[in-house]
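Next up, target_6.txt (compact mmCIF, C-alpha atoms):
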# COMPACT_ATOMS: atom_id res chain seq x y z
CA MET A 1 105.01 -75.45 119.03
CA ALA A 2 105.80 -72.06 117.55
CA THR A 3 106.98 -69.43 120.00
CA LEU A 4 106.38 -65.68 120.04
CA ASP A 5 109.74 -65.23 118.41
CA ASP A 6 108.70 -67.64 115.72
CA LYS A 7 105.58 -65.59 115.11
CA ILE A 8 107.55 -62.39 114.83
CA LEU A 9 110.65 -63.68 113.12
CA GLY A 10 109.08 -66.36 111.07
CA GLU A 11 107.74 -69.74 112.07
CA LYS A 12 110.29 -72.65 112.17
CA LEU A 13 109.61 -76.17 111.18
CA HIS A 14 109.06 -78.75 113.94
CA ASN A 15 112.10 -80.60 115.23
CA TYR A 16 114.46 -78.16 113.59
CA CYS A 17 117.78 -77.87 115.29
CA SER A 18 120.10 -75.01 114.61
CA SER A 19 123.88 -75.38 114.67
CA SER A 20 126.38 -72.77 115.54
CA GLU A 21 127.04 -72.30 111.89
CA ASP A 22 123.50 -71.40 111.35
CA GLU A 23 123.41 -68.79 114.08
CA GLY A 24 124.84 -66.15 111.73
CA SER A 25 122.33 -66.97 109.09
CA ASP A 26 119.65 -66.82 111.74
CA ASP A 27 120.77 -63.30 112.68
CA GLU A 28 120.71 -62.25 109.04
CA GLU A 29 117.33 -63.79 108.68
CA ARG A 30 116.09 -61.89 111.71
CA ASN A 31 117.42 -58.61 110.31
CA GLU A 32 115.68 -59.18 106.98
CA ASP A 33 112.43 -59.97 108.75
CA ARG A 34 112.73 -56.78 110.81
CA ASP A 35 113.39 -54.68 107.74
CA SER A 36 110.42 -56.25 106.03
CA PHE A 37 108.24 -55.52 109.05
CA LEU A 38 109.35 -51.89 109.17
CA LYS A 39 108.67 -51.41 105.47
CA SER A 40 105.22 -52.87 105.83
CA SER A 41 104.47 -50.44 108.63
CA GLU A 42 105.33 -47.33 106.47
CA PRO A 43 102.33 -45.31 105.23
CA ALA A 44 101.06 -46.25 101.77
CA ALA A 45 101.56 -43.94 98.78
CA GLU A 46 98.90 -41.22 98.28
CA PRO A 47 96.16 -42.47 95.88
CA PRO A 48 95.66 -40.61 92.61
CA PRO A 49 93.01 -37.83 92.71
CA VAL A 50 89.48 -38.63 91.62
CA ASN A 51 88.44 -37.72 88.02
CA SER A 52 92.04 -37.01 87.00
CA TRP A 53 92.04 -38.55 83.55
CA ASN A 54 94.93 -37.82 81.21
CA GLY A 55 93.60 -39.53 78.14
CA SER A 56 94.71 -43.05 78.90
CA ALA A 57 93.08 -45.40 81.32
CA SER A 58 95.32 -47.09 83.87
CA ASN A 59 92.31 -48.88 85.27
CA THR A 60 91.26 -51.56 82.81
CA GLY A 61 88.38 -52.72 84.94
CA PRO A 62 84.67 -51.93 84.44
CA LYS A 63 85.03 -48.48 86.06
CA GLY A 64 87.91 -47.56 83.78
CA VAL A 65 86.02 -48.69 80.68
CA LEU A 66 82.95 -46.71 81.75
CA GLU A 67 85.06 -43.58 82.36
CA ASP A 68 86.69 -43.99 78.94
CA TRP A 69 83.24 -44.31 77.31
CA ARG A 70 81.89 -41.22 79.04
CA ARG A 71 84.91 -39.19 78.00
CA TYR A 72 84.57 -40.42 74.43
CA LYS A 73 80.90 -39.37 74.27
CA GLN A 74 81.79 -35.99 75.80
CA LEU A 75 84.44 -35.36 73.15
CA GLU A 76 82.06 -36.53 70.44
CA ALA A 77 79.35 -34.08 71.63
CA GLU A 78 81.84 -31.22 71.87
CA ASN A 79 83.15 -31.98 68.40
CA ARG A 80 79.64 -32.13 66.99
CA LYS A 81 78.73 -28.81 68.63
CA GLU A 82 81.90 -27.19 67.30
CA MET A 83 81.19 -28.47 63.78
CA GLU A 84 77.64 -27.11 64.03
CA LEU A 85 78.94 -23.67 65.04
CA GLU A 86 81.39 -23.70 62.14
CA ARG A 87 78.62 -24.66 59.73
CA ILE A 88 76.38 -21.83 60.99
CA ALA A 89 79.22 -19.33 60.70
CA LEU A 90 79.93 -20.48 57.14
CA ALA A 91 76.26 -20.20 56.20
CA LYS A 92 76.13 -16.64 57.60
CA LYS A 93 79.25 -15.74 55.68
CA LEU A 94 77.79 -17.06 52.43
CA THR A 95 74.50 -15.25 53.07
CA LEU A 96 76.27 -11.97 53.72
CA SER A 97 78.35 -12.33 50.60
CA VAL A 98 75.27 -13.00 48.44
CA LYS A 99 73.40 -10.06 49.99
CA THR A 100 76.34 -7.77 49.41
CA GLU A 101 76.51 -8.78 45.77
CA ARG A 102 72.80 -8.10 45.35
CA GLU A 103 73.14 -4.71 46.98
CA GLU A 104 76.02 -3.87 44.69
CA GLN A 105 73.88 -4.74 41.68
CA GLN A 106 71.02 -2.61 43.01
CA ALA A 107 73.39 0.28 43.60
CA LYS A 108 74.69 -0.08 40.05
CA ASP A 109 71.16 -0.07 38.63
CA ARG A 110 70.29 2.99 40.71
CA GLU A 111 73.32 4.85 39.41
CA GLU A 112 72.30 4.03 35.84
CA LEU A 113 68.79 5.35 36.47
CA GLU A 114 70.17 8.51 38.04
CA ASP A 115 72.42 9.06 35.02
CA GLU A 116 69.45 8.60 32.71
CA LEU A 117 67.38 11.02 34.81
CA ASN A 118 70.16 13.59 34.68
CA GLU A 119 70.14 13.32 30.90
CA LEU A 120 66.38 13.84 30.88
CA LEU A 121 66.75 16.92 33.06
CA ASP A 122 69.12 18.51 30.61
CA GLU A 123 67.86 21.95 29.57
CA GLU A 124 68.15 21.24 25.87
CA PHE A 125 66.20 18.00 26.25
CA LEU A 126 63.49 19.70 28.31
CA MET A 127 63.16 22.44 25.71
CA LYS A 128 62.72 19.88 22.95
CA TYR A 129 60.22 17.98 25.08
CA HIS A 130 58.17 21.11 25.73
CA GLN A 131 58.12 21.98 22.05
CA GLN A 132 57.08 18.46 21.11
CA ARG A 133 54.35 18.44 23.75
CA MET A 134 53.02 21.80 22.58
CA GLN A 135 52.89 20.54 19.00
CA GLU A 136 50.92 17.48 20.15
CA LEU A 137 48.44 19.66 22.04
CA MET A 138 48.09 22.06 19.12
CA SER A 139 47.51 19.11 16.81
CA LYS A 140 44.73 17.86 19.08
CA LEU A 141 43.19 21.30 19.20
CA GLU A 142 43.32 21.55 15.43
CA LYS A 143 41.48 18.24 15.17
CA THR A 144 38.75 19.46 17.53
CA PRO A 145 35.79 20.83 15.54
CA LYS A 146 35.50 24.60 15.62
CA PHE A 147 32.23 26.45 15.13
CA GLY A 148 32.08 30.02 16.51
CA THR A 149 28.67 30.88 15.04
CA VAL A 150 25.08 29.77 15.43
CA ILE A 151 24.00 27.29 12.72
CA THR A 152 20.44 27.61 11.39
CA LEU A 153 18.81 24.22 10.63
CA THR A 154 16.33 24.35 7.77
CA ASP A 155 14.62 20.94 8.06
CA GLN A 156 14.19 17.93 10.31
CA GLU A 157 16.95 15.94 8.57
CA GLU A 158 19.48 18.65 9.33
CA PHE A 159 18.18 18.65 12.87
CA LEU A 160 18.83 14.90 13.23
CA ASN A 161 22.22 15.07 11.48
CA ALA A 162 23.36 17.92 13.72
CA ILE A 163 22.87 15.58 16.66
CA ASP A 164 23.70 12.07 15.44
CA LYS A 165 26.57 12.78 13.04
CA GLU A 166 28.52 15.09 15.30
CA ASP A 167 31.67 14.08 17.20
CA ALA A 168 30.79 12.38 20.49
CA LYS A 169 33.00 14.84 22.40
CA VAL A 170 31.12 17.88 21.07
CA THR A 171 28.26 19.44 23.03
CA VAL A 172 25.35 20.45 20.78
CA ILE A 173 22.93 23.17 21.99
CA ILE A 174 19.82 23.68 19.85
CA HIS A 175 17.53 26.67 20.26
CA ILE A 176 13.90 25.99 19.28
CA TYR A 177 12.39 29.39 18.59
CA ASN A 178 9.46 31.34 17.22
CA SER A 179 10.45 34.50 15.39
CA LYS A 180 7.26 36.22 16.58
CA VAL A 181 8.21 35.84 20.29
CA SER A 182 10.46 38.58 21.70
CA ALA A 183 12.14 36.23 24.20
CA CYS A 184 13.30 34.08 21.25
CA THR A 185 14.88 37.13 19.61
CA ALA A 186 16.74 37.84 22.85
CA MET A 187 17.91 34.22 23.01
CA ASP A 188 19.28 34.38 19.43
CA GLY A 189 21.36 37.43 20.36
CA CYS A 190 22.73 35.70 23.50
CA LEU A 191 23.66 32.50 21.63
CA ASN A 192 25.53 34.49 18.97
CA VAL A 193 27.73 35.93 21.75
CA LEU A 194 28.24 32.54 23.45
CA ALA A 195 29.11 30.85 20.15
CA GLY A 196 32.08 33.19 19.82
CA ASP A 197 33.13 32.60 23.43
CA TYR A 198 32.78 28.79 23.17
CA PRO A 199 33.93 27.82 19.66
CA ALA A 200 34.19 24.13 20.61
CA ILE A 201 30.43 24.02 21.38
CA LYS A 202 28.01 23.64 18.51
CA PHE A 203 25.15 26.15 18.76
CA CYS A 204 22.17 25.63 16.43
CA ARG A 205 18.66 27.07 15.97
CA ILE A 206 15.51 25.70 14.35
CA GLU A 207 11.97 27.09 14.11
CA ALA A 208 9.36 25.21 16.13
CA ASP A 209 7.04 24.68 13.15
CA ILE A 210 9.92 23.21 11.03
CA ALA A 211 10.72 20.83 13.87
CA GLY A 212 7.10 19.62 13.67
CA LEU A 213 6.05 20.87 17.11
CA SER A 214 2.48 21.74 18.04
CA LYS A 215 0.93 25.20 17.91
CA HIS A 216 0.70 25.20 21.70
CA PHE A 217 4.47 24.58 21.96
CA ARG A 218 5.20 27.25 19.32
CA VAL A 219 3.41 29.81 21.49
CA ASP A 220 4.02 28.78 25.09
CA GLY A 221 7.04 26.40 24.93
CA VAL A 222 9.56 28.77 23.38
CA PRO A 223 12.28 29.76 23.76
CA ALA A 224 13.52 26.22 24.44
CA LEU A 225 17.05 24.83 24.63
CA LEU A 226 17.87 21.17 23.94
CA VAL A 227 21.42 20.00 24.84
CA TYR A 228 22.93 16.82 23.33
CA LYS A 229 26.25 15.01 23.62
CA GLY A 230 27.20 11.74 21.95
CA GLY A 231 23.72 11.54 20.45
CA GLN A 232 22.08 11.58 23.93
CA ILE A 233 20.03 14.41 25.37
CA ILE A 234 21.58 15.81 28.57
CA GLY A 235 19.48 18.95 29.00
CA ASN A 236 15.91 19.89 28.14
CA PHE A 237 14.65 23.40 29.04
CA VAL A 238 11.32 24.88 27.85
CA GLN A 239 9.52 28.12 28.59
CA LEU A 240 12.82 29.86 29.44
CA ALA A 241 10.97 33.21 29.39
CA THR A 242 9.54 32.13 32.74
CA GLU A 243 13.07 31.58 34.07
CA LEU A 244 14.91 34.45 32.37
CA GLY A 245 12.12 36.90 31.42
CA ASN A 246 11.58 38.45 28.03
CA ASP A 247 14.67 40.61 28.12
CA PHE A 248 17.96 39.02 29.21
CA PHE A 249 21.64 39.03 28.30
CA ALA A 250 24.32 36.53 27.25
CA THR A 251 25.76 36.43 30.77
CA ASP A 252 22.37 35.35 32.10
CA VAL A 253 22.19 32.42 29.66
CA GLN A 254 25.84 31.57 30.32
CA ARG A 255 25.30 31.50 34.08
CA PHE A 256 22.17 29.35 33.60
CA LEU A 257 24.02 26.76 31.52
CA ILE A 258 27.04 26.74 33.86
CA GLU A 259 24.82 26.08 36.87
CA TYR A 260 23.51 22.94 35.17
CA GLY A 261 27.04 21.85 34.25
CA LEU A 262 26.39 21.99 30.52
CA ILE A 263 29.19 24.39 29.61
CA PRO A 264 32.46 25.19 31.43
CA GLU A 265 33.29 28.54 32.93
CA ASN A 266 35.04 30.53 30.23
Mind converting the file's structure to structure tokens?
Amino acid sequence: MATLDDKILGEKLHNYCSSSEDEGSDDEERNEDRDSFLKSSEPAAEPPPVNSWNGSASNTGPKGVLEDWRRYKQLEAENRKEMELERIALAKKLTLSVKTEREEQQAKDREELEDELNELLDEEFLMKYHQQRMQELMSKLEKTPKFGTVITLTDQEEFLNAIDKEDAKVTVIIHIYNSKVSACTAMDGCLNVLAGDYPAIKFCRIEADIAGLSKHFRVDGVPALLVYKGGQIIGNFVQLATELGNDFFATDVQRFLIEYGLIPEN
């Protein structure tokens, strides 16, 4: 049966007899067992801290593999995010460079336009331009029909031609008169004055009987003014003696026509 010493110092086999020669070895054996016991009673080494991973897994078990996988995915996500940031930065850089080039081109075009404008603002150029423009205006004025006097129409054909064959831009004012009516004589005198003041307006006169008008019109309808432009009648005024009286002046007729918008203010 094993004794307490056997339990502490190591269990001996049954029926084992020690000799005196073995006593020394037994002492050595006891010392080794004691040293082993003391070593086993020393505190264990401090375990490594949690989540302290240096890039290589010392634990090859399931937990170590899982930790390695998580770290790999973390690095992959960080790398992908970093690449995305670099791509965005590169795109911004390219965009800025293109915008700058466009702005430089716009600035260059603006400078060219300013140079051209400065040339146009040169005094010599402006003088030439003014002279050229004045010549163009004078040429247009020369092409505009000029009258300056009252034209007497002697028949109905001349009456129609004075209206239909005239330039569409010309205003034609025809006085239908009766030489026996004093108001018609006053109108003739007024139109002679206005014809000189408005040379671009065509003033004409025709007797009522030549125009083929009735006796009643020849007596009570005159003086009458018919105004045409572009072949269309734009003013029709009869019995002007009622409006102006039998004795009136050119300014009265002028003011009358201006009020109706038939002639401009001179």
Distance query Gly212 (chain A) at most 12 Å, all atoms listed in the file, self and fewer than 3 positions along chain excluded, as a list in words: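 The contact residues come out as Thr154, Asp155, Gln156, Glu157, Phe159, Ile176, Ile206, Glu207, Ala208, Asp209, Lys215, His216, Phe217 and Arg218 of chain A.
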What separates CA of Lys108 (chain A) and CA of Tyr129 (chain A) is a distance of 27.6 Å
A:Val253, A:Val219, A:Leu126, A:Leu137 ranked by distance to Asn192 (chain A), top pick (using only C-alpha atoms):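 The shortest atom-to-atom distance to Asn192 (chain A) comes from A:Val253.
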Contacts of Leu191 (chain A) at 8 Å (only C-alpha atoms; same-chain gap of 4+ positions) as a ChimeraX atom specification: /A:150,187,195,203,250
Quick check, in Å to one decimal: how far apart do CA of Ile201 (chain A) and CA of Thr171 (chain A) lie?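 Distance between the two atoms: 5.3 Å.
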To one decimal place in Å, what is the distance between CA of Ala162 (chain A) and CA of Cys204 (chain A)?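 One can read the CA of Ala162 (chain A) to CA of Cys204 (chain A) distance as 8.3 Å.
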Taking (28.8, 22.4, 20.5) in the file's coordinates, which residues come within 10 Å, counting all atoms listed in the file, written as a JSON list (two decimals) with C-alpha atoms, keeping the file's coordinate frame?
[["chain", "number", "residue", "atom", "x", "y", "z"],
["A", 145, "PRO", "CA", 35.79, 20.83, 15.54],
["A", 146, "LYS", "CA", 35.50, 24.60, 15.62],
["A", 147, "PHE", "CA", 32.23, 26.45, 15.13],
["A", 148, "GLY", "CA", 32.08, 30.02, 16.51],
["A", 150, "VAL", "CA", 25.08, 29.77, 15.43],
["A", 162, "ALA", "CA", 23.36, 17.92, 13.72],
["A", 163, "ILE", "CA", 22.87, 15.58, 16.66],
["A", 166, "GLU", "CA", 28.52, 15.09, 15.30],
["A", 167, "ASP", "CA", 31.67, 14.08, 17.20],
["A", 169, "LYS", "CA", 33.00, 14.84, 22.40],
["A", 170, "VAL", "CA", 31.12, 17.88, 21.07],
["A", 171, "THR", "CA", 28.26, 19.44, 23.03],
["A", 172, "VAL", "CA", 25.35, 20.45, 20.78],
["A", 173, "ILE", "CA", 22.93, 23.17, 21.99],
["A", 174, "ILE", "CA", 19.82, 23.68, 19.85],
["A", 195, "ALA", "CA", 29.11, 30.85, 20.15],
["A", 198, "TYR", "CA", 32.78, 28.79, 23.17],
["A", 199, "PRO", "CA", 33.93, 27.82, 19.66],
["A", 200, "ALA", "CA", 34.19, 24.13, 20.61],
["A", 201, "ILE", "CA", 30.43, 24.02, 21.38],
["A", 202, "LYS", "CA", 28.01, 23.64, 18.51],
["A", 203, "PHE", "CA", 25.15, 26.15, 18.76],
["A", 204, "CYS", "CA", 22.17, 25.63, 16.43],
["A", 227, "VAL", "CA", 21.42, 20.00, 24.84],
["A", 228, "TYR", "CA", 22.93, 16.82, 23.33],
["A", 229, "LYS", "CA", 26.25, 15.01, 23.62],
["A", 263, "ILE", "CA", 29.19, 24.39, 29.61]]
